[in-house]
>>> print(open('my_file-v6.pdb').read())   # PDB, C-alpha atoms
ATOM      1  CA  MET A  18     -24.038 -15.306 -13.943
ATOM      2  CA  SER A  19     -24.852 -15.889 -10.264
ATOM      3  CA  GLY A  20     -21.258 -15.869  -9.038
ATOM      4  CA  THR A  21     -20.313 -12.645 -10.787
ATOM      5  CA  ARG A  22     -19.779  -9.523  -8.703
ATOM      6  CA  THR A  23     -18.952  -5.954  -9.565
ATOM      7  CA  TRP A  24     -16.515  -3.402  -8.145
ATOM      8  CA  ARG A  25     -18.001  -0.264  -6.622
ATOM      9  CA  ALA A  26     -16.142   2.410  -4.629
ATOM     10  CA  GLY A  27     -13.148   0.113  -4.182
ATOM     11  CA  ARG A  28     -15.217  -2.797  -2.864
ATOM     12  CA  LEU A  29     -16.690  -5.900  -4.409
ATOM     13  CA  GLU A  30     -20.487  -5.754  -4.385
ATOM     14  CA  PRO A  31     -22.332  -9.084  -3.976
ATOM     15  CA  HIS A  32     -24.617 -10.315  -6.700
ATOM     16  CA  ALA A  33     -28.227 -10.837  -5.696
ATOM     17  CA  GLY A  34     -27.797 -14.589  -6.122
ATOM     18  CA  ASP A  35     -24.906 -14.914  -3.717
ATOM     19  CA  ARG A  36     -25.435 -16.097  -0.190
ATOM     20  CA  THR A  37     -24.904 -13.628   2.602
ATOM     21  CA  ASP A  38     -22.359 -15.878   4.328
ATOM     22  CA  GLY A  39     -19.964 -15.551   1.396
ATOM     23  CA  SER A  40     -20.614 -19.007  -0.071
ATOM     24  CA  VAL A  41     -21.745 -19.407  -3.642
ATOM     25  CA  PRO A  42     -24.685 -21.674  -4.480
ATOM     26  CA  HIS A  43     -24.145 -24.189  -7.238
ATOM     27  CA  PRO A  44     -27.092 -25.444  -9.300
ATOM     28  CA  SER A  45     -25.848 -29.034  -9.468
ATOM     29  CA  ARG A  46     -25.520 -29.233  -5.700
ATOM     30  CA  ALA A  47     -28.484 -27.231  -4.502
ATOM     31  CA  GLY A  48     -30.457 -29.343  -2.046
ATOM     32  CA  ASP A  49     -28.591 -32.617  -2.723
ATOM     33  CA  GLY A  50     -26.518 -32.453   0.482
ATOM     34  CA  ALA A  51     -23.246 -33.115  -1.360
ATOM     35  CA  PRO A  52     -20.177 -31.277  -0.012
ATOM     36  CA  PRO A  53     -18.887 -28.420  -2.167
ATOM     37  CA  SER A  54     -16.011 -29.144  -4.510
ATOM     38  CA  PRO A  55     -12.569 -27.598  -3.888
ATOM     39  CA  GLU A  56     -13.249 -25.174  -6.731
ATOM     40  CA  GLU A  57     -16.548 -24.082  -5.168
ATOM     41  CA  GLN A  58     -14.869 -23.632  -1.817
ATOM     42  CA  ALA A  59     -12.082 -21.604  -3.434
ATOM     43  CA  ARG A  60     -14.561 -19.348  -5.234
ATOM     44  CA  ALA A  61     -16.483 -18.723  -2.023
ATOM     45  CA  ILE A  62     -13.328 -17.908  -0.075
ATOM     46  CA  CYS A  63     -12.026 -15.514  -2.742
ATOM     47  CA  LEU A  64     -15.336 -13.716  -3.131
ATOM     48  CA  ARG A  65     -15.677 -13.296   0.609
ATOM     49  CA  LEU A  66     -12.177 -11.836   0.893
ATOM     50  CA  LEU A  67     -12.605  -9.575  -2.127
ATOM     51  CA  THR A  68     -15.868  -8.246  -0.726
ATOM     52  CA  GLY A  69     -13.883  -6.806   2.197
ATOM     53  CA  SER A  70     -11.165  -5.157   0.095
ATOM     54  CA  PRO A  71      -9.135  -5.677  -3.090
ATOM     55  CA  ARG A  72      -6.464  -8.376  -2.787
ATOM     56  CA  THR A  73      -3.497  -9.456  -4.854
ATOM     57  CA  ARG A  74      -3.319 -12.882  -6.439
ATOM     58  CA  ARG A  75      -0.610 -13.888  -3.974
ATOM     59  CA  GLN A  76      -2.717 -12.837  -0.984
ATOM     60  CA  LEU A  77      -5.641 -14.926  -2.235
ATOM     61  CA  ALA A  78      -3.388 -17.872  -3.076
ATOM     62  CA  ASP A  79      -1.945 -17.796   0.451
ATOM     63  CA  ALA A  80      -5.447 -17.659   1.925
ATOM     64  CA  LEU A  81      -6.563 -20.659  -0.126
ATOM     65  CA  ALA A  82      -3.478 -22.669   0.817
ATOM     66  CA  LYS A  83      -4.037 -21.846   4.490
ATOM     67  CA  ARG A  84      -7.572 -23.211   4.207
ATOM     68  CA  GLY A  85      -6.365 -26.440   2.622
ATOM     69  CA  ILE A  86      -7.561 -25.838  -0.936
ATOM     70  CA  PRO A  87      -5.621 -28.080  -3.368
ATOM     71  CA  ALA A  88      -3.125 -26.163  -5.506
ATOM     72  CA  GLU A  89      -4.718 -27.237  -8.799
ATOM     73  CA  ALA A  90      -8.178 -26.027  -7.759
ATOM     74  CA  ALA A  91      -6.759 -22.785  -6.393
ATOM     75  CA  GLU A  92      -4.860 -22.104  -9.604
ATOM     76  CA  GLU A  93      -7.954 -22.705 -11.730
ATOM     77  CA  VAL A  94     -10.107 -20.328  -9.684
ATOM     78  CA  LEU A  95      -7.456 -17.620  -9.399
ATOM     79  CA  SER A  96      -6.803 -17.686 -13.139
ATOM     80  CA  ARG A  97     -10.529 -17.408 -13.823
ATOM     81  CA  PHE A  98     -10.807 -14.455 -11.438
ATOM     82  CA  GLU A  99      -7.943 -12.745 -13.268
ATOM     83  CA  ASP A 100      -9.629 -13.369 -16.623
ATOM     84  CA  VAL A 101     -12.809 -11.595 -15.518
ATOM     85  CA  GLY A 102     -10.968  -8.752 -13.771
ATOM     86  CA  LEU A 103     -11.733  -9.603 -10.149
ATOM     87  CA  ILE A 104      -7.996  -9.940  -9.542
ATOM     88  CA  ASP A 105      -5.856  -7.176 -11.051
ATOM     89  CA  ASP A 106      -2.456  -6.757  -9.442
ATOM     90  CA  ALA A 107      -1.543  -3.786 -11.649
ATOM     91  CA  ALA A 108      -4.668  -1.884 -10.615
ATOM     92  CA  PHE A 109      -4.114  -2.881  -6.993
ATOM     93  CA  ALA A 110      -0.536  -1.581  -7.031
ATOM     94  CA  GLY A 111      -1.517   1.704  -8.675
ATOM     95  CA  ALA A 112      -4.307   2.342  -6.198
ATOM     96  CA  TRP A 113      -2.066   1.366  -3.278
ATOM     97  CA  VAL A 114       0.633   3.845  -4.295
ATOM     98  CA  GLU A 115      -1.839   6.689  -4.712
ATOM     99  CA  SER A 116      -3.637   5.979  -1.444
ATOM    100  CA  ARG A 117      -0.587   5.395   0.757
ATOM    101  CA  HIS A 118       1.373   8.330  -0.615
ATOM    102  CA  ARG A 119      -1.547  10.695  -0.249
ATOM    103  CA  GLY A 120      -2.725   9.378   3.115
ATOM    104  CA  ARG A 121       0.539   8.472   4.835
ATOM    105  CA  GLY A 122       3.124  10.400   2.827
ATOM    106  CA  LEU A 123       5.083   7.243   2.023
ATOM    107  CA  ALA A 124       7.903   7.493  -0.508
ATOM    108  CA  ARG A 125       8.625   5.123  -3.372
ATOM    109  CA  ARG A 126      11.011   2.942  -1.399
ATOM    110  CA  ALA A 127       8.492   2.272   1.383
ATOM    111  CA  LEU A 128       5.664   1.750  -1.097
ATOM    112  CA  ALA A 129       7.698  -0.770  -3.068
ATOM    113  CA  ARG A 130       8.520  -2.628   0.142
ATOM    114  CA  GLU A 131       4.844  -2.852   1.081
ATOM    115  CA  LEU A 132       3.827  -4.085  -2.366
ATOM    116  CA  ARG A 133       6.528  -6.777  -2.292
ATOM    117  CA  THR A 134       5.107  -8.121   0.975
ATOM    118  CA  LYS A 135       1.753  -8.459  -0.802
ATOM    119  CA  GLY A 136       3.263 -10.523  -3.597
ATOM    120  CA  VAL A 137       3.066  -7.974  -6.407
ATOM    121  CA  ASP A 138       5.410  -8.669  -9.319
ATOM    122  CA  SER A 139       8.534  -6.491  -9.479
ATOM    123  CA  ALA A 140       7.669  -5.087 -12.908
ATOM    124  CA  LEU A 141       4.232  -4.019 -11.685
ATOM    125  CA  ILE A 142       5.768  -2.451  -8.595
ATOM    126  CA  ASP A 143       8.193  -0.437 -10.713
ATOM    127  CA  GLU A 144       5.343   0.750 -12.903
ATOM    128  CA  ALA A 145       3.191   1.725  -9.929
ATOM    129  CA  VAL A 146       5.826   3.596  -7.927
ATOM    130  CA  GLY A 147       6.872   5.305 -11.139
ATOM    131  CA  GLN A 148       3.677   7.338 -10.772
ATOM    132  CA  LEU A 149       5.569   9.380  -8.181
ATOM    133  CA  ASP A 150       8.251  11.591  -9.649
ATOM    134  CA  PRO A 151      11.097  13.065  -7.562
ATOM    135  CA  GLU A 152       9.434  16.482  -7.456
ATOM    136  CA  GLN A 153       6.251  15.033  -5.978
ATOM    137  CA  GLU A 154       8.224  13.093  -3.389
ATOM    138  CA  GLU A 155      10.143  16.180  -2.312
ATOM    139  CA  HIS A 156       6.954  18.238  -2.151
ATOM    140  CA  THR A 157       5.361  15.638   0.131
ATOM    141  CA  ALA A 158       8.499  15.431   2.270
ATOM    142  CA  ARG A 159       8.400  19.198   2.789
ATOM    143  CA  GLU A 160       4.762  19.019   3.836
ATOM    144  CA  LEU A 161       5.543  16.262   6.338
ATOM    145  CA  VAL A 162       8.404  18.222   7.865
ATOM    146  CA  GLY A 163       6.311  21.384   7.935
ATOM    147  CA  ARG A 164       3.603  19.631   9.966
ATOM    148  CA  LYS A 165       6.164  18.140  12.344
ATOM    149  CA  LEU A 166       8.178  21.307  12.993
ATOM    150  CA  ARG A 167       5.877  22.770  15.614
ATOM    151  CA  SER A 168       5.978  19.688  17.822
ATOM    152  CA  THR A 169       9.803  19.725  17.818
ATOM    153  CA  ARG A 170      10.268  23.356  18.818
ATOM    154  CA  GLY A 171      12.112  23.745  22.095
ATOM    155  CA  MET A 172      14.065  20.520  21.619
ATOM    156  CA  ASP A 173      17.827  20.370  21.601
ATOM    157  CA  ARG A 174      18.955  21.152  18.035
ATOM    158  CA  GLU A 175      20.596  17.775  17.444
ATOM    159  CA  LYS A 176      17.645  15.855  18.857
ATOM    160  CA  ARG A 177      15.277  17.899  16.724
ATOM    161  CA  LEU A 178      17.259  17.174  13.579
ATOM    162  CA  ARG A 179      17.344  13.460  14.326
ATOM    163  CA  ARG A 180      13.596  13.448  14.965
ATOM    164  CA  LEU A 181      12.770  15.139  11.647
ATOM    165  CA  VAL A 182      15.214  13.183   9.506
ATOM    166  CA  GLY A 183      14.211   9.920  11.169
ATOM    167  CA  MET A 184      10.542  10.589  10.475
ATOM    168  CA  LEU A 185      11.245  10.912   6.757
ATOM    169  CA  ALA A 186      13.538   7.885   6.742
ATOM    170  CA  ARG A 187      10.812   5.696   8.256
ATOM    171  CA  LYS A 188       8.510   6.743   5.431
ATOM    172  CA  GLY A 189      11.019   5.618   2.826
ATOM    173  CA  TYR A 190      12.735   8.871   1.871
ATOM    174  CA  SER A 191      16.418   8.729   1.025
ATOM    175  CA  GLU A 192      18.929  10.189   3.462
ATOM    176  CA  GLY A 193      20.030  12.836   0.981
ATOM    177  CA  LEU A 194      16.500  14.054   0.352
ATOM    178  CA  ALA A 195      15.618  13.970   4.051
ATOM    179  CA  LEU A 196      18.661  16.010   5.020
ATOM    180  CA  ARG A 197      18.067  18.556   2.263
ATOM    181  CA  VAL A 198      14.413  19.047   3.137
ATOM    182  CA  VAL A 199      15.032  19.329   6.882
ATOM    183  CA  ARG A 200      17.901  21.754   6.389
ATOM    184  CA  ARG A 201      15.792  23.986   4.172
ATOM    185  CA  ALA A 202      12.831  23.926   6.574
ATOM    186  CA  LEU A 203      14.972  24.896   9.558
ATOM    187  CA  GLU A 204      16.713  27.662   7.654
ATOM    188  CA  GLU A 205      13.331  29.072   6.653
ATOM    189  CA  GLU A 206      12.329  28.951  10.307
ATOM    190  CA  GLY A 207      15.330  31.108  11.201
ATOM    191  CA  GLU A 208      18.033  28.619  12.191
ATOM    192  CA  ASP A 209      21.579  29.779  11.486
ATOM    193  CA  PRO A 210      22.866  27.917   8.388
ATOM    194  CA  GLU A 211      26.381  27.842   9.842
ATOM    195  CA  LEU A 212      25.150  26.118  12.982
ATOM    196  CA  LEU A 213      23.163  23.627  10.919
ATOM    197  CA  GLU A 214      26.281  22.864   8.924
ATOM    198  CA  HIS A 215      27.721  21.207  12.040
ATOM    199  CA  TYR A 216      24.868  18.660  12.036
ATOM    200  CA  LEU A 217      23.667  18.523   8.448
ATOM    201  CA  PRO A 218      25.838  18.374   5.343
ATOM    202  CA  GLY A 219      25.152  20.931   2.663
ATOM    203  CA  ASP A 220      23.691  20.116  -0.761
TER     204      ASP A 220
END
>>> encode(input="my_file-v6.pdb", output="structure tokens")
Amino acid sequence: MSGTRTWRAGRLEPHAGDRTDGSVPHPSRAGDGAPPSPEEQARAICLRLLTGSPRTRRQLADALAKRGIPAEAAEEVLSRFEDVGLIDDAAFAGAWVESRHRGRGLARRALARELRTKGVDSALIDEAVGQLDPEQEEHTARELVGRKLRSTRGMDREKRLRRLVGMLARKGYSEGLALRVVRRALEEEGEDPELLEHYLPGD
């Protein structure tokens, strides 16, 4: 059908029958000068937004409400988009976790926080962040600290520790994991474990 689009490389590709401005032509209204219905407006808005990047149902619902689309029309269009797979919060959450962990090194806690702000259901969030096991999180935390070590050399020991632990904390890693990873990295670099004990608790 003319309003149907397909996903390709993480983006929604326009169908040949769609207008380039993001609106969707409707056979019953072509050339008659009648204003588009709320449902037609909602479809055009959603398709335009989805062409830019995947969105959650909540993000699209908020966009429709902001543009004055009646709730009933918005609900009808959003449900239809879910039925045909153009809205898939589970897929969105899974892709988000993979991308943000790999690209930014974010831990489960930070990823869950981001997904909540996008309106993803709690059960879907739990399922998505469950892709990351504790071993993977710790491995990523070690890589992050390893990349940051060089830029902290020459700093006062306490300031250096705060900088490294704080970096992991901002990315959603627990305090216990952050302290353990930083302690291990500094010991491997040659820091005296007894001196570190003054600043960092042991395991």
>>> closest_residue(input="my_file-v6.pdb", among="A:Ile104, A:Ala59, A:Leu64, A:Ala145", to="Gly85 in chain A", atoms="all atoms listed in the file")
A:Ala59
>>> atom_distance(input="my_file-v6.pdb", atom1="CA of Ala80 in chain A", atom2="CA of Gln58 in chain A")
11.8 Å
>>> atom_distance(input="my_file-v6.pdb", atom1="CA of Asp79 in chain A", atom2="CA of Glu144 in chain A")
24.0 Å
>>> residues_near_point(input="my_file-v6.pdb", point="(6.0, 2.5, 3.6)", cutoff="6 Å", atoms="all atoms listed in the file", output="ChimeraX atom specification")
/A:123,127-128,188-189
>>> resolve_selection(input="my_file-v6.pdb", expression="the PyMOL selection byres ((chain A and resi 135) around 7)", output="PDB file with C-alpha atoms, keeping the file's coordinate frame")
ATOM      1  CA  THR A  73      -3.497  -9.456  -4.854  1.00  0.00           C
ATOM      2  CA  ARG A  75      -0.610 -13.888  -3.974  1.00  0.00           C
ATOM      3  CA  GLN A  76      -2.717 -12.837  -0.984  1.00  0.00           C
ATOM      4  CA  GLU A 131       4.844  -2.852   1.081  1.00  0.00           C
ATOM      5  CA  LEU A 132       3.827  -4.085  -2.366  1.00  0.00           C
ATOM      6  CA  ARG A 133       6.528  -6.777  -2.292  1.00  0.00           C
ATOM      7  CA  THR A 134       5.107  -8.121   0.975  1.00  0.00           C
ATOM      8  CA  GLY A 136       3.263 -10.523  -3.597  1.00  0.00           C
ATOM      9  CA  VAL A 137       3.066  -7.974  -6.407  1.00  0.00           C
TER      10      VAL A 137
END
>>> closest_residue(input="my_file-v6.pdb", among="A:Arg60, A:Arg125, A:Arg84, A:Arg197", to="Gln153 in chain A", atoms="all atoms listed in the file")
A:Arg125
>>> resolve_selection(input="my_file-v6.pdb", expression="the PyMOL selection byres ((chain A and resi 124) around 9)", output="list in words")
Val114, Arg117, His118, Gly122, Leu123, Arg125, Arg126, Ala127, Leu128, Ala129, Val146, Leu149, Glu154, Thr157, Ala158, Leu185, Lys188, Gly189, Tyr190 and Ser191 of chain A
>>> atom_distance(input="my_file-v6.pdb", atom1="CA of Asp173 in chain A", atom2="CA of His156 in chain A")
26.2 Å
>>> closest_residue(input="my_file-v6.pdb", among="A:Ala112, A:Val162, A:Ala186, A:Ile86", to="Val198 in chain A", atoms="all atoms listed in the file")
A:Val162
>>> closest_residue(input="my_file-v6.pdb", among="A:Leu181, A:Thr68, A:Ser96, A:Lys83", to="Arg164 in chain A", atoms="all atoms listed in the file")
A:Leu181
>>> axis_aligned_box(input="my_file-v6.pdb", around="range 100-108 of chain A", padding_each_side="6 Å", output="lines of an AutoDock Vina configuration file")
center_x = -7.2
center_y = -7.6
center_z = -13.0
size_x = 23.3
size_y = 23.5
size_z = 19.2
>>> residues_around(input="my_file-v6.pdb", residues="Leu95 in chain A", least_positions_apart="6", cutoff="8 Å", atoms="all atoms listed in the file", output="ChimeraX atom specification")
/A:74,77-78,104
>>> closest_residue(input="my_file-v6.pdb", among="A:Phe98, A:Ala140, A:Lys165, A:Ser70", to="Leu178 in chain A", atoms="all atoms listed in the file")
A:Lys165
>>> closest_residue(input="my_file-v6.pdb", among="A:Leu81, A:Leu194, A:Met172, A:Leu166", to="Glu206 in chain A", atoms="all atoms listed in the file")
A:Leu166
>>> build_atoms(input="my_file-v6.pdb", residues="range 56-67 of chain A", atoms="all heavy atoms", output="PDB file, keeping the file's coordinate frame")
ATOM      1  N   GLU A  56     -13.101 -26.384  -5.929  1.00  0.00           N
ATOM      2  CA  GLU A  56     -13.249 -25.174  -6.731  1.00  0.00           C
ATOM      3  C   GLU A  56     -14.348 -24.275  -6.173  1.00  0.00           C
ATOM      4  O   GLU A  56     -14.191 -23.046  -6.121  1.00  0.00           O
ATOM      5  CB  GLU A  56     -13.554 -25.528  -8.186  1.00  0.00           C
ATOM      6  CG  GLU A  56     -12.406 -26.154  -8.948  1.00  0.00           C
ATOM      7  CD  GLU A  56     -12.216 -27.632  -8.626  1.00  0.00           C
ATOM      8  OE1 GLU A  56     -13.098 -28.211  -7.946  1.00  0.00           O
ATOM      9  OE2 GLU A  56     -11.198 -28.206  -9.042  1.00  0.00           O
ATOM     10  N   GLU A  57     -15.452 -24.861  -5.757  1.00  0.00           N
ATOM     11  CA  GLU A  57     -16.548 -24.082  -5.168  1.00  0.00           C
ATOM     12  C   GLU A  57     -16.109 -23.437  -3.857  1.00  0.00           C
ATOM     13  O   GLU A  57     -16.423 -22.271  -3.583  1.00  0.00           O
ATOM     14  CB  GLU A  57     -17.764 -24.979  -4.943  1.00  0.00           C
ATOM     15  CG  GLU A  57     -18.432 -25.415  -6.237  1.00  0.00           C
ATOM     16  CD  GLU A  57     -19.480 -26.506  -6.003  1.00  0.00           C
ATOM     17  OE1 GLU A  57     -19.410 -27.179  -4.964  1.00  0.00           O
ATOM     18  OE2 GLU A  57     -20.349 -26.651  -6.851  1.00  0.00           O
ATOM     19  N   GLN A  58     -15.382 -24.191  -3.060  1.00  0.00           N
ATOM     20  CA  GLN A  58     -14.869 -23.632  -1.817  1.00  0.00           C
ATOM     21  C   GLN A  58     -13.911 -22.468  -2.096  1.00  0.00           C
ATOM     22  O   GLN A  58     -13.961 -21.432  -1.433  1.00  0.00           O
ATOM     23  CB  GLN A  58     -14.135 -24.711  -1.016  1.00  0.00           C
ATOM     24  CG  GLN A  58     -15.029 -25.836  -0.520  1.00  0.00           C
ATOM     25  CD  GLN A  58     -14.230 -26.881   0.232  1.00  0.00           C
ATOM     26  OE1 GLN A  58     -13.519 -26.562   1.189  1.00  0.00           O
ATOM     27  NE2 GLN A  58     -14.309 -28.131  -0.197  1.00  0.00           N
ATOM     28  N   ALA A  59     -13.045 -22.645  -3.086  1.00  0.00           N
ATOM     29  CA  ALA A  59     -12.082 -21.604  -3.434  1.00  0.00           C
ATOM     30  C   ALA A  59     -12.792 -20.345  -3.913  1.00  0.00           C
ATOM     31  O   ALA A  59     -12.424 -19.223  -3.531  1.00  0.00           O
ATOM     32  CB  ALA A  59     -11.121 -22.117  -4.509  1.00  0.00           C
ATOM     33  N   ARG A  60     -13.819 -20.506  -4.746  1.00  0.00           N
ATOM     34  CA  ARG A  60     -14.561 -19.348  -5.234  1.00  0.00           C
ATOM     35  C   ARG A  60     -15.219 -18.607  -4.080  1.00  0.00           C
ATOM     36  O   ARG A  60     -15.196 -17.374  -4.016  1.00  0.00           O
ATOM     37  CB  ARG A  60     -15.626 -19.787  -6.250  1.00  0.00           C
ATOM     38  CG  ARG A  60     -15.081 -20.076  -7.637  1.00  0.00           C
ATOM     39  CD  ARG A  60     -16.204 -20.137  -8.655  1.00  0.00           C
ATOM     40  NE  ARG A  60     -17.094 -21.273  -8.432  1.00  0.00           N
ATOM     41  CZ  ARG A  60     -16.910 -22.473  -8.935  1.00  0.00           C
ATOM     42  NH1 ARG A  60     -15.863 -22.723  -9.721  1.00  0.00           N
ATOM     43  NH2 ARG A  60     -17.766 -23.444  -8.695  1.00  0.00           N
ATOM     44  N   ALA A  61     -15.808 -19.360  -3.159  1.00  0.00           N
ATOM     45  CA  ALA A  61     -16.483 -18.723  -2.023  1.00  0.00           C
ATOM     46  C   ALA A  61     -15.501 -17.960  -1.146  1.00  0.00           C
ATOM     47  O   ALA A  61     -15.766 -16.841  -0.698  1.00  0.00           O
ATOM     48  CB  ALA A  61     -17.217 -19.784  -1.200  1.00  0.00           C
ATOM     49  N   ILE A  62     -14.342 -18.559  -0.903  1.00  0.00           N
ATOM     50  CA  ILE A  62     -13.328 -17.908  -0.075  1.00  0.00           C
ATOM     51  C   ILE A  62     -12.842 -16.618  -0.738  1.00  0.00           C
ATOM     52  O   ILE A  62     -12.758 -15.558  -0.104  1.00  0.00           O
ATOM     53  CB  ILE A  62     -12.140 -18.862   0.168  1.00  0.00           C
ATOM     54  CG1 ILE A  62     -12.575 -20.023   1.072  1.00  0.00           C
ATOM     55  CG2 ILE A  62     -10.963 -18.113   0.795  1.00  0.00           C
ATOM     56  CD1 ILE A  62     -11.571 -21.156   1.139  1.00  0.00           C
ATOM     57  N   CYS A  63     -12.539 -16.689  -2.032  1.00  0.00           N
ATOM     58  CA  CYS A  63     -12.026 -15.514  -2.742  1.00  0.00           C
ATOM     59  C   CYS A  63     -13.064 -14.398  -2.788  1.00  0.00           C
ATOM     60  O   CYS A  63     -12.746 -13.222  -2.559  1.00  0.00           O
ATOM     61  CB  CYS A  63     -11.610 -15.894  -4.164  1.00  0.00           C
ATOM     62  SG  CYS A  63     -10.100 -16.882  -4.233  1.00  0.00           S
ATOM     63  N   LEU A  64     -14.294 -14.741  -3.073  1.00  0.00           N
ATOM     64  CA  LEU A  64     -15.336 -13.716  -3.131  1.00  0.00           C
ATOM     65  C   LEU A  64     -15.544 -13.058  -1.781  1.00  0.00           C
ATOM     66  O   LEU A  64     -15.748 -11.848  -1.690  1.00  0.00           O
ATOM     67  CB  LEU A  64     -16.647 -14.338  -3.630  1.00  0.00           C
ATOM     68  CG  LEU A  64     -16.694 -14.706  -5.124  1.00  0.00           C
ATOM     69  CD1 LEU A  64     -17.954 -15.487  -5.443  1.00  0.00           C
ATOM     70  CD2 LEU A  64     -16.613 -13.444  -5.986  1.00  0.00           C
ATOM     71  N   ARG A  65     -15.504 -13.852  -0.733  1.00  0.00           N
ATOM     72  CA  ARG A  65     -15.677 -13.296   0.609  1.00  0.00           C
ATOM     73  C   ARG A  65     -14.541 -12.325   0.952  1.00  0.00           C
ATOM     74  O   ARG A  65     -14.774 -11.241   1.480  1.00  0.00           O
ATOM     75  CB  ARG A  65     -15.743 -14.416   1.642  1.00  0.00           C
ATOM     76  CG  ARG A  65     -16.050 -13.930   3.054  1.00  0.00           C
ATOM     77  CD  ARG A  65     -16.397 -15.078   3.970  1.00  0.00           C
ATOM     78  NE  ARG A  65     -15.331 -16.041   4.096  1.00  0.00           N
ATOM     79  CZ  ARG A  65     -15.355 -17.279   3.608  1.00  0.00           C
ATOM     80  NH1 ARG A  65     -16.413 -17.702   2.919  1.00  0.00           N
ATOM     81  NH2 ARG A  65     -14.338 -18.102   3.788  1.00  0.00           N
ATOM     82  N   LEU A  66     -13.316 -12.702   0.609  1.00  0.00           N
ATOM     83  CA  LEU A  66     -12.177 -11.836   0.893  1.00  0.00           C
ATOM     84  C   LEU A  66     -12.208 -10.575   0.035  1.00  0.00           C
ATOM     85  O   LEU A  66     -11.916  -9.474   0.507  1.00  0.00           O
ATOM     86  CB  LEU A  66     -10.868 -12.597   0.657  1.00  0.00           C
ATOM     87  CG  LEU A  66     -10.566 -13.723   1.648  1.00  0.00           C
ATOM     88  CD1 LEU A  66      -9.332 -14.496   1.210  1.00  0.00           C
ATOM     89  CD2 LEU A  66     -10.362 -13.163   3.054  1.00  0.00           C
ATOM     90  N   LEU A  67     -12.572 -10.722  -1.229  1.00  0.00           N
ATOM     91  CA  LEU A  67     -12.605  -9.575  -2.127  1.00  0.00           C
ATOM     92  C   LEU A  67     -13.741  -8.617  -1.789  1.00  0.00           C
ATOM     93  O   LEU A  67     -13.677  -7.428  -2.121  1.00  0.00           O
ATOM     94  CB  LEU A  67     -12.735 -10.043  -3.581  1.00  0.00           C
ATOM     95  CG  LEU A  67     -11.481 -10.698  -4.167  1.00  0.00           C
ATOM     96  CD1 LEU A  67     -11.801 -11.350  -5.506  1.00  0.00           C
ATOM     97  CD2 LEU A  67     -10.356  -9.682  -4.320  1.00  0.00           C
TER      98      LEU A  67
END
